[in-house]
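Scroll down for the structure; my scribbles are underneath it.
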Amino acid sequence: MKRWLWVLILALGLAGAQTVGNEPPPDLSPQVFEIAKKLRCPVCRGESAAESSAGVTEEMRRQIAEMLAEGKSEDEIIQYFVDRYTEWILYEPPKRGLGLVVWLAPVLGLGLFGLGLFGYLKAAARRAAESEAVSDDELARVEAELGREDVP
Amino acid sequence: MRTLLGVLLALALGALFWWGMQTKDERSELPSALAGRAAPTFDLELLPGARTAWGERLDLSDYLGKKPIILNFWASWCYPACYEEAPILEAAWRRWKDRVLFVGVNTQDEVDKAEKFVEQFGITFPNVYDPRGRVGIDYGMYGVPETFAISADGRVLQRHAGSIGAEKLEAMIREVLP
């Protein structure tokens, strides 16, 4: 009986530990992390302020929570960080100016790749068709050769 | 023709890769969003060692607009960059203290460790304690150490990210001198 009790406690503990690992800390709402996801971690590379465990991002999340409690909108909160860090702080570049190039480059790249692939496949198909086309003279010659071989 | 194009493409990709590897940390190249704007103010507790000379707290608004300020963000855990620049900052402060105010902002640190750092380098300019790193965010700081030059009329003129050398610091001071 005692052993079962220990197994139960252990199972509950493991389940609890998993929940804690996957969820934001209880003192910050998921909305804080939604906004933090749109901001870059200033001291990391390629991490958002939601994922990073750096001290500065902890403070950023805390400030986001405070501003939400004051009734500020998401746009106002993001603007607060842009005012301090420029648009560099945005995790995704804005879809205008130079930022637009970043958004369009992959589409342009894919388009060029598609065009290149289409050209290559078309040329390959043409080459294959050319090699398959056999002239009448050639056919007659081959048939004659075959006919000769048939004769014992 | 095709071989030539392939070689050129490979060379271009190689050059792009090499350039990417050579590029410096972009954060040190970024201009401050505050450049030319009024310096954000703060009112924070001073580290214990500075209280005899400067009082319990330092309110930056008491000094803004009166004399140029060199604002330095640092932490005792920031090794080696903060350790390299500390003697340079102290030497410059001793030289310029009649004309420029130096203020250190100890960021996201522990008081005893910060105090030990101040004692180790014999720092005599005032250092405030900002455990949350709130002031750093107000200044758009990317990471310690970072130094800002504030003009006599209270505007942020320059930002330097990373350990500051004597020459660069001197140039910043000369820029903010009236």
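Every chain in the structure tokens has a letter given in the order shown (A, B, ...), and although residue numbers restart at 1 in each chain, ligands are simply numbered from 1 in the order shown.
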Residue hits in chain B, query chain A, radius 6 Å, only C-alpha atoms, as a list of chain:residue names: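 The complete set of qualifying residues is B:Ala33, B:Gly140, B:Tyr142, B:Gly143.
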Would you export the selected residues with C-alpha atoms as an mmCIF file, in the first residue's frame, please?
```
data_model
loop_
_atom_site.group_PDB
_atom_site.id
_atom_site.type_symbol
_atom_site.label_atom_id
_atom_site.label_comp_id
_atom_site.auth_asym_id
_atom_site.auth_seq_id
_atom_site.Cartn_x
_atom_site.Cartn_y
_atom_site.Cartn_z
ATOM 1 C CA ALA B 33 17.421 55.482 -31.183
ATOM 2 C CA GLY B 140 17.914 51.056 -25.720
ATOM 3 C CA TYR B 142 21.943 46.025 -26.173
ATOM 4 C CA GLY B 143 24.209 44.660 -23.460
#
```
Within 7 Å of Phe102 of chain B, counting only C-alpha atoms, which residues show up once you throw out same-chain ones fewer than 6 positions away? Write them as a list in words, please. Ile69, Ile70, Leu71, Trp93 and Phe125 of chain B
List every residue of segment 14-136 of chain B that DSSP, applied to the backbone of this structure, assigns to strand (DSSP E or B), and report them as a VMD selection string. chain B and resid 38 43 to 46 57 to 59 69 to 74 101 to 107 127 to 130
For atom CA of Val103 of chain B and atom CA of Glu90 of chain B, determine how far apart the two atoms are, in Å to one decimal place.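 According to the coordinates, atom CA of Val103 of chain B and atom CA of Glu90 of chain B are separated by 10.8 Å.
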Quote the spacing between atom CA of Tyr139 of chain B and atom CA of Ala38 of chain B in Å to one decimal place.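 Going from atom CA of Tyr139 of chain B over to atom CA of Ala38 of chain B covers 10.6 Å.
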Show me, as a list in words, the residues that have an atom within 6 Å of Ala35 of chain B when counting only C-alpha atoms, minus same-chain residues fewer than 2 positions from it. Ser32, Ala33, Arg37, Val156 and Leu157 of chain B
